[in-house]
Each structure stands twice: as structure tokens, then as C-alpha cells.
$ cat start_35.cif   # mmCIF, C-alpha atoms (C1' of nucleotides)
data_coords
#
loop_
_atom_site.label_atom_id
_atom_site.label_comp_id
_atom_site.auth_asym_id
_atom_site.auth_seq_id
_atom_site.Cartn_x
_atom_site.Cartn_y
_atom_site.Cartn_z
CA MET A 1 66.23 -55.03 -58.83
CA GLU A 2 63.30 -57.30 -59.42
CA THR A 3 63.85 -60.86 -60.42
CA ILE A 4 62.05 -62.21 -63.45
CA GLU A 5 59.83 -64.27 -61.21
CA GLN A 6 58.81 -61.17 -59.39
CA VAL A 7 58.03 -59.35 -62.57
CA LEU A 8 55.83 -62.14 -63.83
CA GLU A 9 54.10 -62.59 -60.52
CA SER A 10 53.43 -58.91 -60.17
CA LYS A 11 51.57 -59.07 -63.48
CA ASN A 12 49.64 -62.15 -62.49
CA ILE A 13 51.37 -64.42 -64.91
CA ARG A 14 52.22 -67.91 -63.83
CA VAL A 15 55.91 -68.52 -63.67
CA THR A 16 57.12 -71.30 -65.92
CA ALA A 17 60.59 -72.15 -67.10
CA MET A 18 59.75 -71.26 -70.68
CA ARG A 19 58.30 -67.89 -69.78
CA MET A 20 61.32 -66.97 -67.73
CA LEU A 21 63.62 -67.87 -70.59
CA ILE A 22 61.57 -65.89 -73.05
CA TYR A 23 61.45 -62.91 -70.75
CA LYS A 24 65.18 -63.09 -70.26
CA PHE A 25 65.74 -63.28 -73.98
CA LEU A 26 63.60 -60.21 -74.56
CA ALA A 27 65.27 -58.31 -71.77
CA GLU A 28 68.70 -58.88 -73.26
CA LYS A 29 67.64 -57.57 -76.63
CA ASP A 30 67.54 -53.88 -77.26
CA VAL A 31 65.69 -54.35 -80.51
CA ALA A 32 62.25 -55.66 -81.30
CA VAL A 33 62.15 -59.34 -82.15
CA THR A 34 60.00 -61.55 -84.31
CA LEU A 35 58.49 -64.84 -83.30
CA SER A 36 61.05 -66.53 -85.51
CA ASP A 37 63.86 -64.78 -83.68
CA ILE A 38 62.61 -66.27 -80.45
CA GLU A 39 62.02 -69.60 -82.10
CA ASN A 40 65.59 -69.73 -83.30
CA ALA A 41 66.87 -68.89 -79.86
CA PHE A 42 65.02 -71.82 -78.33
CA ALA A 43 65.25 -74.73 -80.69
CA LYS A 44 63.60 -76.90 -78.12
CA SER A 45 60.38 -75.05 -77.92
CA ASP A 46 57.42 -74.96 -80.18
CA ARG A 47 56.29 -71.99 -82.15
CA THR A 48 52.79 -72.24 -80.74
CA THR A 49 54.02 -71.94 -77.21
CA LEU A 50 56.01 -68.86 -78.08
CA TYR A 51 53.07 -67.44 -79.92
CA ARG A 52 50.78 -67.92 -76.99
CA THR A 53 53.36 -66.77 -74.52
CA MET A 54 53.72 -63.52 -76.39
CA LYS A 55 49.98 -63.18 -76.45
CA THR A 56 49.85 -63.65 -72.71
CA PHE A 57 52.67 -61.18 -72.20
CA GLU A 58 50.85 -58.73 -74.39
CA ASP A 59 47.57 -59.12 -72.55
CA LYS A 60 49.36 -58.47 -69.31
CA ALA A 61 51.23 -55.52 -70.72
CA ILE A 62 54.67 -57.01 -70.44
CA VAL A 63 55.38 -56.67 -74.13
CA HIS A 64 53.84 -54.69 -76.93
CA GLN A 65 53.46 -55.61 -80.54
CA ILE A 66 55.13 -53.51 -83.15
CA ASP A 67 54.04 -53.23 -86.72
CA ASP A 68 57.03 -51.72 -88.43
CA GLY A 69 55.81 -52.21 -91.95
CA THR A 70 57.87 -55.29 -92.70
CA GLY A 71 54.74 -57.34 -92.53
CA ILE A 72 56.08 -59.37 -89.67
CA THR A 73 54.87 -58.77 -86.16
CA LYS A 74 57.58 -57.81 -83.75
CA TYR A 75 57.62 -57.65 -79.99
CA ALA A 76 59.45 -55.61 -77.44
CA LEU A 77 59.35 -55.44 -73.68
CA CYS A 78 57.40 -52.58 -72.28
CA GLU A 79 59.51 -50.16 -70.36
CA GLN A 80 59.13 -49.51 -66.68
CA GLY A 81 56.08 -47.36 -66.36
CA CYS A 82 55.01 -47.97 -69.90
CA ASN A 83 51.28 -47.63 -70.24
CA CYS A 84 50.77 -49.91 -73.17
CA ASP A 85 47.85 -51.49 -71.40
CA ILE A 86 45.79 -48.37 -71.49
CA LYS A 87 46.69 -47.65 -75.06
CA THR A 88 47.86 -44.16 -74.38
CA ASP A 89 51.55 -44.76 -74.22
CA LEU A 90 52.36 -43.83 -77.73
CA HIS A 91 56.04 -43.87 -78.22
CA LEU A 92 57.33 -44.23 -81.71
CA HIS A 93 59.36 -46.92 -83.37
CA PHE A 94 62.36 -46.64 -85.59
CA HIS A 95 63.12 -49.11 -88.34
CA CYS A 96 66.60 -49.09 -89.81
CA ASN A 97 66.65 -49.55 -93.55
CA ASN A 98 70.23 -50.73 -93.30
CA CYS A 99 70.39 -53.31 -90.51
CA LYS A 100 66.62 -53.89 -90.63
CA GLU A 101 66.34 -53.71 -86.88
CA THR A 102 63.44 -52.02 -85.18
CA ILE A 103 63.76 -50.27 -81.86
CA CYS A 104 61.50 -48.41 -79.49
CA LEU A 105 62.21 -44.74 -79.04
CA THR A 106 60.49 -44.83 -75.72
CA ASP A 107 61.17 -41.31 -74.69
CA HIS A 108 60.01 -39.84 -77.97
CA LYS A 109 56.32 -39.36 -77.65
CA ILE A 110 54.11 -39.06 -80.66
CA PRO A 111 52.89 -35.53 -81.21
CA GLN A 112 49.21 -34.80 -81.17
CA ILE A 113 47.84 -35.64 -84.60
CA LYS A 114 45.00 -33.58 -85.93
CA VAL A 115 42.27 -35.40 -87.79
CA PRO A 116 39.39 -33.89 -89.75
CA ASN A 117 36.03 -33.12 -88.20
CA GLY A 118 33.96 -36.20 -87.64
CA PHE A 119 36.97 -38.44 -87.16
CA VAL A 120 37.84 -39.77 -83.74
CA SER A 121 41.40 -40.76 -83.04
CA GLU A 122 41.80 -43.69 -80.69
CA ASN A 123 45.25 -44.93 -81.43
CA VAL A 124 48.29 -43.97 -83.42
CA ASN A 125 50.99 -46.08 -85.00
CA LEU A 126 54.05 -44.19 -86.05
CA VAL A 127 57.12 -45.77 -87.57
CA VAL A 128 60.07 -43.73 -88.67
CA LYS A 129 62.35 -45.40 -91.18
CA GLY A 130 65.89 -44.44 -91.91
CA ILE A 131 69.35 -45.16 -90.61
CA CYS A 132 69.91 -45.98 -86.97
CA ASP A 133 72.67 -44.64 -84.80
CA LYS A 134 74.78 -47.75 -85.12
CA CYS A 135 74.61 -47.81 -88.90
CA SER A 136 75.13 -44.09 -89.41
CA SER A 137 78.36 -43.86 -87.49
CA MET B 1 39.91 -33.82 -117.60
CA GLU B 2 42.39 -36.46 -118.55
CA THR B 3 41.23 -39.79 -119.79
CA ILE B 4 42.58 -42.92 -118.17
CA GLU B 5 44.60 -43.64 -121.28
CA GLN B 6 46.24 -40.27 -121.00
CA VAL B 7 47.06 -40.79 -117.37
CA LEU B 8 48.70 -44.13 -118.05
CA GLU B 9 50.56 -42.86 -121.07
CA SER B 10 51.83 -39.84 -119.23
CA LYS B 11 53.38 -42.18 -116.71
CA ASN B 12 54.89 -44.40 -119.37
CA ILE B 13 52.65 -47.32 -118.67
CA ARG B 14 51.33 -49.33 -121.54
CA VAL B 15 47.61 -49.12 -121.90
CA THR B 16 45.83 -52.44 -121.63
CA ALA B 17 42.21 -53.24 -121.06
CA MET B 18 42.91 -54.71 -117.66
CA ARG B 19 44.93 -51.75 -116.49
CA MET B 20 42.27 -49.32 -117.50
CA LEU B 21 39.65 -51.31 -115.63
CA ILE B 22 41.78 -51.49 -112.54
CA TYR B 23 42.54 -47.80 -112.67
CA LYS B 24 38.87 -47.02 -113.04
CA PHE B 25 38.04 -49.25 -110.12
CA LEU B 26 40.58 -47.49 -107.93
CA ALA B 27 39.42 -44.07 -109.03
CA GLU B 28 35.85 -44.85 -108.02
CA LYS B 29 36.86 -45.93 -104.56
CA ASP B 30 37.48 -43.36 -101.90
CA VAL B 31 39.02 -45.94 -99.60
CA ALA B 32 42.15 -48.01 -99.85
CA VAL B 33 41.61 -51.45 -101.31
CA THR B 34 43.24 -54.82 -100.92
CA LEU B 35 44.29 -57.11 -103.73
CA SER B 36 41.36 -59.30 -102.83
CA ASP B 37 38.99 -56.38 -103.19
CA ILE B 38 40.19 -55.89 -106.72
CA GLU B 39 40.15 -59.61 -107.35
CA ASN B 40 36.52 -59.81 -106.33
CA ALA B 41 35.63 -56.93 -108.58
CA PHE B 42 37.07 -58.69 -111.60
CA ALA B 43 36.21 -62.33 -111.38
CA LYS B 44 37.71 -62.85 -114.77
CA SER B 45 41.20 -61.81 -113.94
CA ASP B 46 43.97 -63.54 -112.13
CA ARG B 47 45.41 -62.49 -108.84
CA THR B 48 48.90 -62.46 -110.27
CA THR B 49 47.98 -59.97 -112.93
CA LEU B 50 46.44 -57.69 -110.38
CA TYR B 51 49.43 -58.07 -108.13
CA ARG B 52 51.83 -57.16 -110.90
CA THR B 53 49.64 -54.39 -112.15
CA MET B 54 49.68 -52.81 -108.74
CA LYS B 55 53.41 -53.21 -108.62
CA THR B 56 53.71 -51.44 -111.93
CA PHE B 57 51.37 -48.71 -110.80
CA GLU B 58 53.39 -48.33 -107.67
CA ASP B 59 56.70 -48.11 -109.50
CA LYS B 60 55.25 -45.41 -111.68
CA ALA B 61 53.75 -43.57 -108.74
CA ILE B 62 50.15 -44.03 -109.74
CA VAL B 63 49.27 -45.78 -106.52
CA HIS B 64 50.89 -46.09 -103.15
CA GLN B 65 50.87 -48.97 -100.77
CA ILE B 66 49.38 -48.54 -97.35
CA ASP B 67 50.25 -50.59 -94.35
CA ASP B 68 47.44 -49.90 -91.96
CA GLY B 69 48.36 -52.53 -89.45
CA THR B 70 45.78 -55.07 -90.53
CA GLY B 71 48.57 -57.14 -92.01
CA ILE B 72 47.09 -56.87 -95.46
CA THR B 73 48.61 -54.54 -97.99
CA LYS B 74 46.26 -51.91 -99.29
CA TYR B 75 46.48 -49.59 -102.23
CA ALA B 76 45.17 -46.18 -103.06
CA LEU B 77 45.55 -43.89 -106.03
CA CYS B 78 48.02 -41.13 -105.57
CA GLU B 79 46.45 -37.73 -105.63
CA GLN B 80 47.16 -35.16 -108.26
CA GLY B 81 50.52 -33.73 -107.39
CA CYS B 82 51.24 -36.47 -104.88
CA ASN B 83 54.94 -36.98 -104.54
CA CYS B 84 54.90 -40.59 -103.52
CA ASP B 85 57.65 -41.29 -105.99
CA ILE B 86 60.15 -39.18 -104.17
CA LYS B 87 59.12 -40.50 -100.80
CA THR B 88 58.52 -37.14 -99.29
CA ASP B 89 54.80 -36.93 -99.64
CA LEU B 90 53.93 -38.01 -96.18
CA HIS B 91 50.26 -37.78 -95.70
CA LEU B 92 48.71 -39.92 -93.04
CA HIS B 93 46.22 -42.72 -93.18
CA PHE B 94 43.20 -43.33 -91.09
CA HIS B 95 41.90 -46.77 -90.28
CA CYS B 96 38.38 -47.06 -88.92
CA ASN B 97 38.03 -49.60 -86.15
CA ASN B 98 34.34 -49.83 -86.89
CA CYS B 99 33.95 -50.22 -90.66
CA LYS B 100 37.55 -51.35 -91.07
CA GLU B 101 38.09 -49.06 -94.01
CA THR B 102 41.29 -47.18 -94.53
CA ILE B 103 41.47 -43.80 -96.19
CA CYS B 104 44.14 -41.31 -97.10
CA LEU B 105 44.00 -38.00 -95.31
CA THR B 106 45.90 -36.43 -98.11
CA ASP B 107 45.78 -32.89 -96.88
CA HIS B 108 46.94 -33.79 -93.40
CA LYS B 109 50.68 -33.75 -93.53
CA ILE B 110 52.75 -35.58 -91.00
CA PRO B 111 54.45 -33.25 -88.56
CA GLN B 112 58.19 -33.21 -88.36
CA ILE B 113 59.27 -36.05 -86.12
CA LYS B 114 62.34 -35.61 -84.01
CA VAL B 115 64.65 -38.56 -83.71
CA PRO B 116 67.64 -38.93 -81.39
CA ASN B 117 71.15 -37.94 -82.38
CA GLY B 118 72.73 -40.39 -84.75
CA PHE B 119 69.44 -41.41 -86.27
CA VAL B 120 68.54 -40.34 -89.77
CA SER B 121 64.89 -40.18 -90.71
CA GLU B 122 64.14 -41.07 -94.31
CA ASN B 123 60.52 -41.98 -94.23
CA VAL B 124 57.57 -41.95 -91.91
CA ASN B 125 54.54 -44.18 -91.75
CA LEU B 126 51.72 -42.88 -89.65
CA VAL B 127 48.39 -44.59 -89.21
CA VAL B 128 45.72 -43.18 -86.98
CA LYS B 129 43.06 -45.60 -85.84
CA GLY B 130 39.68 -44.69 -84.55
CA ILE B 131 36.23 -43.95 -85.84
CA CYS B 132 35.76 -42.39 -89.24
CA ASP B 133 33.35 -39.62 -90.10
CA LYS B 134 30.77 -41.96 -91.58
CA CYS B 135 30.74 -44.23 -88.55
CA SER B 136 30.75 -41.48 -85.94
CA SER B 137 27.69 -39.67 -87.19
"C1'" DA C 1 53.38 -60.28 -141.68
"C1'" DA C 2 57.34 -61.38 -138.61
"C1'" DT C 3 59.68 -60.69 -134.53
"C1'" DA C 4 60.62 -59.00 -130.05
"C1'" DA C 5 58.95 -57.31 -125.87
"C1'" DA C 6 55.62 -56.87 -122.52
"C1'" DG C 7 51.47 -58.51 -120.30
"C1'" DT C 8 48.61 -62.24 -118.61
"C1'" DG C 9 47.09 -66.68 -116.48
"C1'" DC C 10 47.95 -71.04 -114.18
"C1'" DA C 11 50.22 -73.62 -110.82
"C1'" DA C 12 52.91 -73.84 -107.16
"C1'" DT C 13 55.78 -72.27 -103.20
"C1'" DG C 14 56.87 -70.12 -98.88
"C1'" DG C 15 56.10 -67.60 -94.66
"C1'" DA C 16 53.49 -66.28 -90.95
"C1'" DA C 17 49.24 -66.31 -88.16
"C1'" DG C 18 46.12 -68.88 -85.99
"C1'" DT C 19 43.29 -73.20 -84.12
"C1'" DG C 20 41.95 -77.96 -82.21
"C1'" DC C 21 43.25 -81.50 -79.52
"C1'" DA C 22 46.03 -84.55 -76.80
"C1'" DT C 23 49.60 -84.51 -73.32
"C1'" DT C 24 52.19 -82.65 -69.64
"C1'" DT C 25 52.87 -79.56 -65.91
"C1'" DT C 26 51.35 -76.66 -62.33
"C1'" DT C 27 48.11 -75.29 -58.80
"C1'" DA C 28 44.74 -76.09 -55.42
"C1'" DA C 29 41.83 -79.08 -52.62
"C1'" DC C 30 41.30 -82.74 -49.83
"C1'" DG D 1 50.96 -86.70 -50.10
"C1'" DT D 2 47.42 -87.87 -53.41
"C1'" DT D 3 44.14 -86.35 -56.46
"C1'" DA D 4 41.29 -83.38 -59.35
"C1'" DA D 5 41.04 -79.19 -61.92
"C1'" DA D 6 43.15 -75.66 -64.49
"C1'" DA D 7 46.66 -73.93 -67.18
"C1'" DA D 8 50.57 -74.53 -70.23
"C1'" DT D 9 52.80 -76.92 -73.83
"C1'" DG D 10 53.63 -79.49 -78.20
"C1'" DC D 11 52.08 -81.46 -82.49
"C1'" DA D 12 49.50 -81.38 -86.62
"C1'" DC D 13 46.98 -78.82 -89.44
"C1'" DT D 14 44.59 -75.04 -91.81
"C1'" DT D 15 44.19 -70.58 -93.84
"C1'" DC D 16 45.59 -66.48 -95.92
"C1'" DC D 17 48.41 -63.53 -98.42
"C1'" DA D 18 52.64 -62.48 -100.98
"C1'" DT D 19 55.49 -63.95 -104.46
"C1'" DT D 20 57.70 -66.58 -108.36
"C1'" DG D 21 58.45 -69.68 -112.61
"C1'" DC D 22 56.88 -70.81 -116.80
"C1'" DA D 23 53.95 -71.10 -120.69
"C1'" DC D 24 50.86 -68.56 -123.49
"C1'" DT D 25 48.82 -64.32 -125.39
"C1'" DT D 26 48.68 -59.71 -126.62
"C1'" DT D 27 50.82 -55.51 -128.00
"C1'" DA D 28 54.38 -52.73 -130.20
"C1'" DT D 29 58.01 -52.40 -133.79
"C1'" DT D 30 60.14 -53.06 -138.14
#
$ encode --input "start_35.cif" --output "C-alpha cells"
Amino acid sequence: METIEQVLESKNIRVTAMRMLIYKFLAEKDVAVTLSDIENAFAKSDRTTLYRTMKTFEDKAIVHQIDDGTGITKYALCEQGCNCDIKTDLHLHFHCNNCKETICLTDHKIPQIKVPNGFVSENVNLVVKGICDKCSS
Amino acid sequence: METIEQVLESKNIRVTAMRMLIYKFLAEKDVAVTLSDIENAFAKSDRTTLYRTMKTFEDKAIVHQIDDGTGITKYALCEQGCNCDIKTDLHLHFHCNNCKETICLTDHKIPQIKVPNGFVSENVNLVVKGICDKCSS
DNA sequence: AATAAAGTGCAATGGAAGTGCATTTTTAAC
DNA sequence: GTTAAAAATGCACTTCCATTGCACTTTATT
């Protein structure tokens, strides 16, 4: 089991108190979070710091952004072995219309999408909306 | 060939000069447009009017919103026979990373997406990003 | 023509993303 | 250890888009 310090160091990210806290917060969540979610969890910290921290985490492939159609950017930790950095790890996201949470369905890969002749596919964003397992039971 | 008036009337939308102009503008475009695009095309009109017009059009299934990940809502006319109103017409959208335009690939249906047990899929948003036919040639 | 209903325009608000700069903290060099 | 450089943080601000309230105008109805 890696410590948070080790995770950050292995990705060449400087270890700071704030970053460890943010990482811990993300790790405890099983749903994608917004900047405001993080902001509310750390009343002490500034939005800008969180914003830039997430940007750093994203650059280093520790988190990935999720656009679930709510208009608000969400973030989630990349899974072990996730290849978000090379843009080919295309798992899909599920947004619950009931509880409004968004989660990664990491082990559900996006099927190959056919595009017309002349079009080149580089990236795919797929969000399924509906009712999540917690809300449907 | 239906006139614009007939289209609007058939959808129970009151015909006004502004609405006809907006419809015409949309019909001439083969790409999805933002509110600002429409705003710029009609310097005379107010953003609010356009916003509410699009909302009306959307309610009546004349246009559908597109969230292509740019963070800005885009709109496109529904095709003849498009079932956007019943939320089952799931064609995909293509966003060009070069010219930044977004278009509907109306005849490319979204494949059936499997979700884990307990999850209920109601709706799917799929955006493919890459290079469009005009930019790749 | 009178009235009600719907559409339109102006002004303003709110939320989120993003930036510049000063300050603090961390790292590295001496 | 002290110091200089680099990176991180916090504050203030700006911008952009979505959205709403209210007054005014236009359209439909009788």
C-alpha cells in the first residue's frame, strides 16, 4: 500500500500539506467532485489553490476531468493503471438523474465508434444518464 | 416543402418575425451554433429573446441542445423525424479540434451501452472529438 | 376596439473559470 | 545553517455565459 506521499512523488509532484489533503479527500470519495465540493471540504483554503492543484493533478495524470453535462467540471482520481495521460483510456461515466452524482465506470470501456469517411476520431466523451445502483434499489 | 411558418405552426409555436429569422438562420447552418453566434447574426435582438426562443424551440423539439465539452451550450435543428422529444433519438455529435465546429452525425446511432447491474440507463450523451472532414482533407 | 396572453428588451444577478501579483513555503546551493 | 531561486498559495479581480424579474410591446381573442 503506497502512502499518499509516495503516490505524489512517483508522479513528480511536490508534496505539500494541501495536496495531501486534497488527494485524501478525492480518494475517500467514490463519486466525481466539483471544485466547490472540495472548496466546501476545506474552508481554510482558497479556490485558486484548489483549481491549480487539480490542474497539476490532471497534468500528471492523477485525476481526470469529467464533463457530465451539468456544465460544471468534475474531477475523479484516475484508477491504478488508468491511462488518462495518453488519452486512450476511455471509460465511461454515469450521471444519476436522481442523486445527481457522477461516477466512473472504469471497467466499462467505450465501444469503438464509427465516424464517417474523412472524419478522424481522437477522443470520445461518453456519459450515460439514468438511475444509479444506490437510487434504484 | 414546408414553409417556416408551417413548421412552427405544426409544432404549436406562435409565428413571430424573430422566430422565423432564427429558424432560418439555424436551417442555413450545418453546424451547431451557440447563443452568441445567433446574437451576432442579429445585432438588433436581445440575448434574452434568443435564449428564450431556443428554450421554446427545445421544448417543442425543433432544436436540441448539444454539450460538446466546450462548456458552451450549442444548438442544432432537429432533423426530420428526429425523436429528440422522446429522448430516444441518440445520434452522436462530432467536435472538430481544429475548426472547433460541432456537427450532428444524425445517421450514426449510438450503440447500446452496457451498464452494471443496478444501473438504469435513460439517456446517453456521446461526443467524438477529432478532425472533421473539411479539416482533414 | 378592448382585453388577455404571449413575446420581447433592458437591467441585473449568480456561478464558475481563469489570471496577475504579492506573499509564503519549499527546495537547492553555498 | 543561511541564502537565493523556484514553486505554491492566497487575494482581488475579470470575463463569460446562463438565467431571472420586470416593464413594455406585440399578437391573438372576443
$ interface_residues --input "start_35.cif" --of "chain C" --to "chain A" --cutoff "12 Å" --atoms "all atoms listed in the file" --output "list in words"
DG15, DA16, DA17, DG18, DT19, DT25, DT26 and DT27 of chain C
$ residues_around --input "start_35.cif" --residues "Gln80 (chain A)" --least-positions-apart "6" --cutoff "12 Å" --atoms "only C-alpha atoms (C1' of nucleotides)" --output "CSV table (one decimal) with C-alpha atoms, in the coordinates of the input"
chain,number,residue,atom,x,y,z
A,1,MET,CA,66.2,-55.0,-58.8
A,2,GLU,CA,63.3,-57.3,-59.4
A,7,VAL,CA,58.0,-59.4,-62.6
A,27,ALA,CA,65.3,-58.3,-71.8
A,61,ALA,CA,51.2,-55.5,-70.7
A,62,ILE,CA,54.7,-57.0,-70.4
A,63,VAL,CA,55.4,-56.7,-74.1
A,89,ASP,CA,51.6,-44.8,-74.2
A,106,THR,CA,60.5,-44.8,-75.7
A,107,ASP,CA,61.2,-41.3,-74.7
$ resolve_selection --input "start_35.cif" --expression "the PyMOL selection byres ((chain A) within 6 of (chain B))" --output "VMD selection string"
chain A and resid 118 to 133
$ resolve_selection --input "start_35.cif" --expression "the PyMOL selection byres ((chain D) within 9 of (chain A))" --output "PDB file with C-alpha atoms (C1' of nucleotides), keeping the file's coordinate frame"
ATOM      1  C1'  DA D   7      46.660 -73.930 -67.180  1.00  0.00           C
ATOM      2  C1'  DA D   8      50.570 -74.530 -70.230  1.00  0.00           C
ATOM      3  C1'  DT D   9      52.800 -76.920 -73.830  1.00  0.00           C
ATOM      4  C1'  DG D  10      53.630 -79.490 -78.200  1.00  0.00           C
ATOM      5  C1'  DC D  11      52.080 -81.460 -82.490  1.00  0.00           C
TER       6       DC D  11
END
$ calpha_fit_and_write --input "start_35.cif" --fixed "chain B" --moving "chain A" --output "CSV table (one decimal) with C-alpha atoms, in the frame of the given file"
chain,number,residue,atom,x,y,z
A,1,MET,CA,39.7,-33.9,-117.6
A,2,GLU,CA,42.2,-36.5,-118.5
A,3,THR,CA,41.1,-39.8,-119.8
A,4,ILE,CA,42.5,-42.9,-118.2
A,5,GLU,CA,44.5,-43.6,-121.3
A,6,GLN,CA,46.1,-40.3,-121.0
A,7,VAL,CA,46.9,-40.8,-117.4
A,8,LEU,CA,48.6,-44.1,-118.1
A,9,GLU,CA,50.4,-42.8,-121.1
A,10,SER,CA,51.7,-39.8,-119.3
A,11,LYS,CA,53.3,-42.1,-116.7
A,12,ASN,CA,54.8,-44.3,-119.4
A,13,ILE,CA,52.6,-47.3,-118.7
A,14,ARG,CA,51.3,-49.3,-121.6
A,15,VAL,CA,47.6,-49.1,-121.9
A,16,THR,CA,45.8,-52.4,-121.6
A,17,ALA,CA,42.2,-53.2,-121.0
A,18,MET,CA,42.9,-54.7,-117.6
A,19,ARG,CA,44.9,-51.7,-116.5
A,20,MET,CA,42.2,-49.3,-117.5
A,21,LEU,CA,39.6,-51.4,-115.6
A,22,ILE,CA,41.8,-51.5,-112.5
A,23,TYR,CA,42.5,-47.8,-112.7
A,24,LYS,CA,38.8,-47.1,-113.0
A,25,PHE,CA,38.0,-49.3,-110.1
A,26,LEU,CA,40.6,-47.5,-107.9
A,27,ALA,CA,39.4,-44.1,-109.0
A,28,GLU,CA,35.8,-44.9,-108.0
A,29,LYS,CA,36.9,-46.0,-104.5
A,30,ASP,CA,37.5,-43.4,-101.9
A,31,VAL,CA,39.0,-46.0,-99.6
A,32,ALA,CA,42.2,-48.0,-99.8
A,33,VAL,CA,41.7,-51.5,-101.3
A,34,THR,CA,43.3,-54.8,-100.9
A,35,LEU,CA,44.4,-57.1,-103.7
A,36,SER,CA,41.5,-59.3,-102.8
A,37,ASP,CA,39.1,-56.4,-103.1
A,38,ILE,CA,40.3,-55.9,-106.7
A,39,GLU,CA,40.2,-59.7,-107.3
A,40,ASN,CA,36.6,-59.9,-106.3
A,41,ALA,CA,35.7,-57.0,-108.5
A,42,PHE,CA,37.2,-58.8,-111.5
A,43,ALA,CA,36.4,-62.4,-111.3
A,44,LYS,CA,37.8,-62.9,-114.7
A,45,SER,CA,41.3,-61.9,-113.9
A,46,ASP,CA,44.1,-63.6,-112.1
A,47,ARG,CA,45.5,-62.5,-108.9
A,48,THR,CA,49.0,-62.4,-110.3
A,49,THR,CA,48.1,-60.0,-112.9
A,50,LEU,CA,46.5,-57.7,-110.4
A,51,TYR,CA,49.5,-58.1,-108.2
A,52,ARG,CA,51.9,-57.1,-110.9
A,53,THR,CA,49.7,-54.4,-112.2
A,54,MET,CA,49.7,-52.8,-108.7
A,55,LYS,CA,53.4,-53.2,-108.6
A,56,THR,CA,53.7,-51.4,-112.0
A,57,PHE,CA,51.3,-48.7,-110.8
A,58,GLU,CA,53.4,-48.3,-107.7
A,59,ASP,CA,56.7,-48.0,-109.5
A,60,LYS,CA,55.2,-45.4,-111.7
A,61,ALA,CA,53.7,-43.5,-108.8
A,62,ILE,CA,50.1,-44.0,-109.8
A,63,VAL,CA,49.2,-45.8,-106.5
A,64,HIS,CA,50.9,-46.0,-103.2
A,65,GLN,CA,50.9,-48.9,-100.8
A,66,ILE,CA,49.4,-48.5,-97.4
A,67,ASP,CA,50.3,-50.5,-94.3
A,68,ASP,CA,47.5,-49.8,-92.0
A,69,GLY,CA,48.4,-52.4,-89.4
A,70,THR,CA,45.9,-55.0,-90.5
A,71,GLY,CA,48.7,-57.0,-92.0
A,72,ILE,CA,47.2,-56.8,-95.4
A,73,THR,CA,48.7,-54.5,-98.0
A,74,LYS,CA,46.3,-51.9,-99.3
A,75,TYR,CA,46.5,-49.6,-102.2
A,76,ALA,CA,45.2,-46.2,-103.1
A,77,LEU,CA,45.5,-43.9,-106.0
A,78,CYS,CA,48.0,-41.1,-105.6
A,79,GLU,CA,46.4,-37.7,-105.7
A,80,GLN,CA,47.1,-35.1,-108.3
A,81,GLY,CA,50.4,-33.7,-107.4
A,82,CYS,CA,51.2,-36.4,-104.9
A,83,ASN,CA,54.9,-36.9,-104.6
A,84,CYS,CA,54.9,-40.5,-103.6
A,85,ASP,CA,57.6,-41.2,-106.0
A,86,ILE,CA,60.1,-39.1,-104.2
A,87,LYS,CA,59.1,-40.5,-100.9
A,88,THR,CA,58.5,-37.1,-99.4
A,89,ASP,CA,54.8,-36.9,-99.7
A,90,LEU,CA,54.0,-38.0,-96.3
A,91,HIS,CA,50.3,-37.8,-95.7
A,92,LEU,CA,48.7,-39.9,-93.1
A,93,HIS,CA,46.2,-42.7,-93.2
A,94,PHE,CA,43.2,-43.3,-91.1
A,95,HIS,CA,41.9,-46.7,-90.3
A,96,CYS,CA,38.4,-47.0,-88.9
A,97,ASN,CA,38.0,-49.5,-86.2
A,98,ASN,CA,34.3,-49.7,-86.9
A,99,CYS,CA,33.9,-50.2,-90.7
A,100,LYS,CA,37.6,-51.3,-91.1
A,101,GLU,CA,38.1,-49.0,-94.0
A,102,THR,CA,41.3,-47.1,-94.5
A,103,ILE,CA,41.5,-43.8,-96.2
A,104,CYS,CA,44.1,-41.3,-97.1
A,105,LEU,CA,44.0,-38.0,-95.3
A,106,THR,CA,45.9,-36.4,-98.2
A,107,ASP,CA,45.8,-32.9,-96.9
A,108,HIS,CA,47.0,-33.8,-93.5
A,109,LYS,CA,50.7,-33.8,-93.6
A,110,ILE,CA,52.8,-35.6,-91.0
A,111,PRO,CA,54.5,-33.3,-88.6
A,112,GLN,CA,58.2,-33.3,-88.4
A,113,ILE,CA,59.2,-36.2,-86.1
A,114,LYS,CA,62.3,-35.8,-83.9
A,115,VAL,CA,64.6,-38.7,-83.6
A,116,PRO,CA,67.5,-39.1,-81.2
A,117,ASN,CA,71.1,-38.1,-82.2
A,118,GLY,CA,72.7,-40.6,-84.5
A,119,PHE,CA,69.4,-41.6,-86.1
A,120,VAL,CA,68.5,-40.6,-89.6
A,121,SER,CA,64.9,-40.4,-90.6
A,122,GLU,CA,64.2,-41.3,-94.2
A,123,ASN,CA,60.6,-42.2,-94.2
A,124,VAL,CA,57.6,-42.1,-91.9
A,125,ASN,CA,54.5,-44.3,-91.7
A,126,LEU,CA,51.7,-42.9,-89.6
A,127,VAL,CA,48.4,-44.5,-89.2
A,128,VAL,CA,45.7,-43.1,-87.0
A,129,LYS,CA,43.0,-45.5,-85.8
A,130,GLY,CA,39.7,-44.6,-84.6
A,131,ILE,CA,36.2,-43.9,-85.9
A,132,CYS,CA,35.8,-42.3,-89.3
A,133,ASP,CA,33.4,-39.6,-90.2
A,134,LYS,CA,30.8,-41.9,-91.7
A,135,CYS,CA,30.7,-44.2,-88.6
A,136,SER,CA,30.7,-41.4,-86.0
A,137,SER,CA,27.7,-39.6,-87.3
$ atom_distance --input "start_35.cif" --atom1 "CA of Ile4 (chain B)" --atom2 "C1' of DT26 (chain D)"
19.8 Å
$ residues_around --input "start_35.cif" --residues "DA29 (chain C)" --least-positions-apart "6" --cutoff "10 Å" --atoms "all atoms listed in the file" --output "PyMOL selection string"
chain D and resi 3-5
$ atom_distance --input "start_35.cif" --atom1 "CA of Ile103 (chain B)" --atom2 "CA of Val31 (chain B)"
4.7 Å
$ decode --input "start_35.cif" --residues "region 10-21 of chain C" --atoms "C-alpha atoms (C1' of nucleotides)" --output "PDB file, in the first residue's frame"
ATOM      1  C1'  DC C  10     -33.383  46.011 -20.580  1.00  0.00           C
ATOM      2  C1'  DA C  11     -31.036  45.530 -16.401  1.00  0.00           C
ATOM      3  C1'  DA C  12     -29.234  42.882 -13.176  1.00  0.00           C
ATOM      4  C1'  DT C  13     -27.720  38.625 -10.731  1.00  0.00           C
ATOM      5  C1'  DG C  14     -25.167  34.468  -9.903  1.00  0.00           C
ATOM      6  C1'  DG C  15     -21.898  30.817 -10.746  1.00  0.00           C
ATOM      7  C1'  DA C  16     -17.834  29.108 -12.467  1.00  0.00           C
ATOM      8  C1'  DA C  17     -13.421  29.549 -14.944  1.00  0.00           C
ATOM      9  C1'  DG C  18      -9.442  31.808 -15.275  1.00  0.00           C
ATOM     10  C1'  DT C  19      -5.427  35.467 -14.471  1.00  0.00           C
ATOM     11  C1'  DG C  20      -1.994  38.835 -12.248  1.00  0.00           C
ATOM     12  C1'  DC C  21       0.502  39.809  -8.470  1.00  0.00           C
TER      13       DC C  21
END
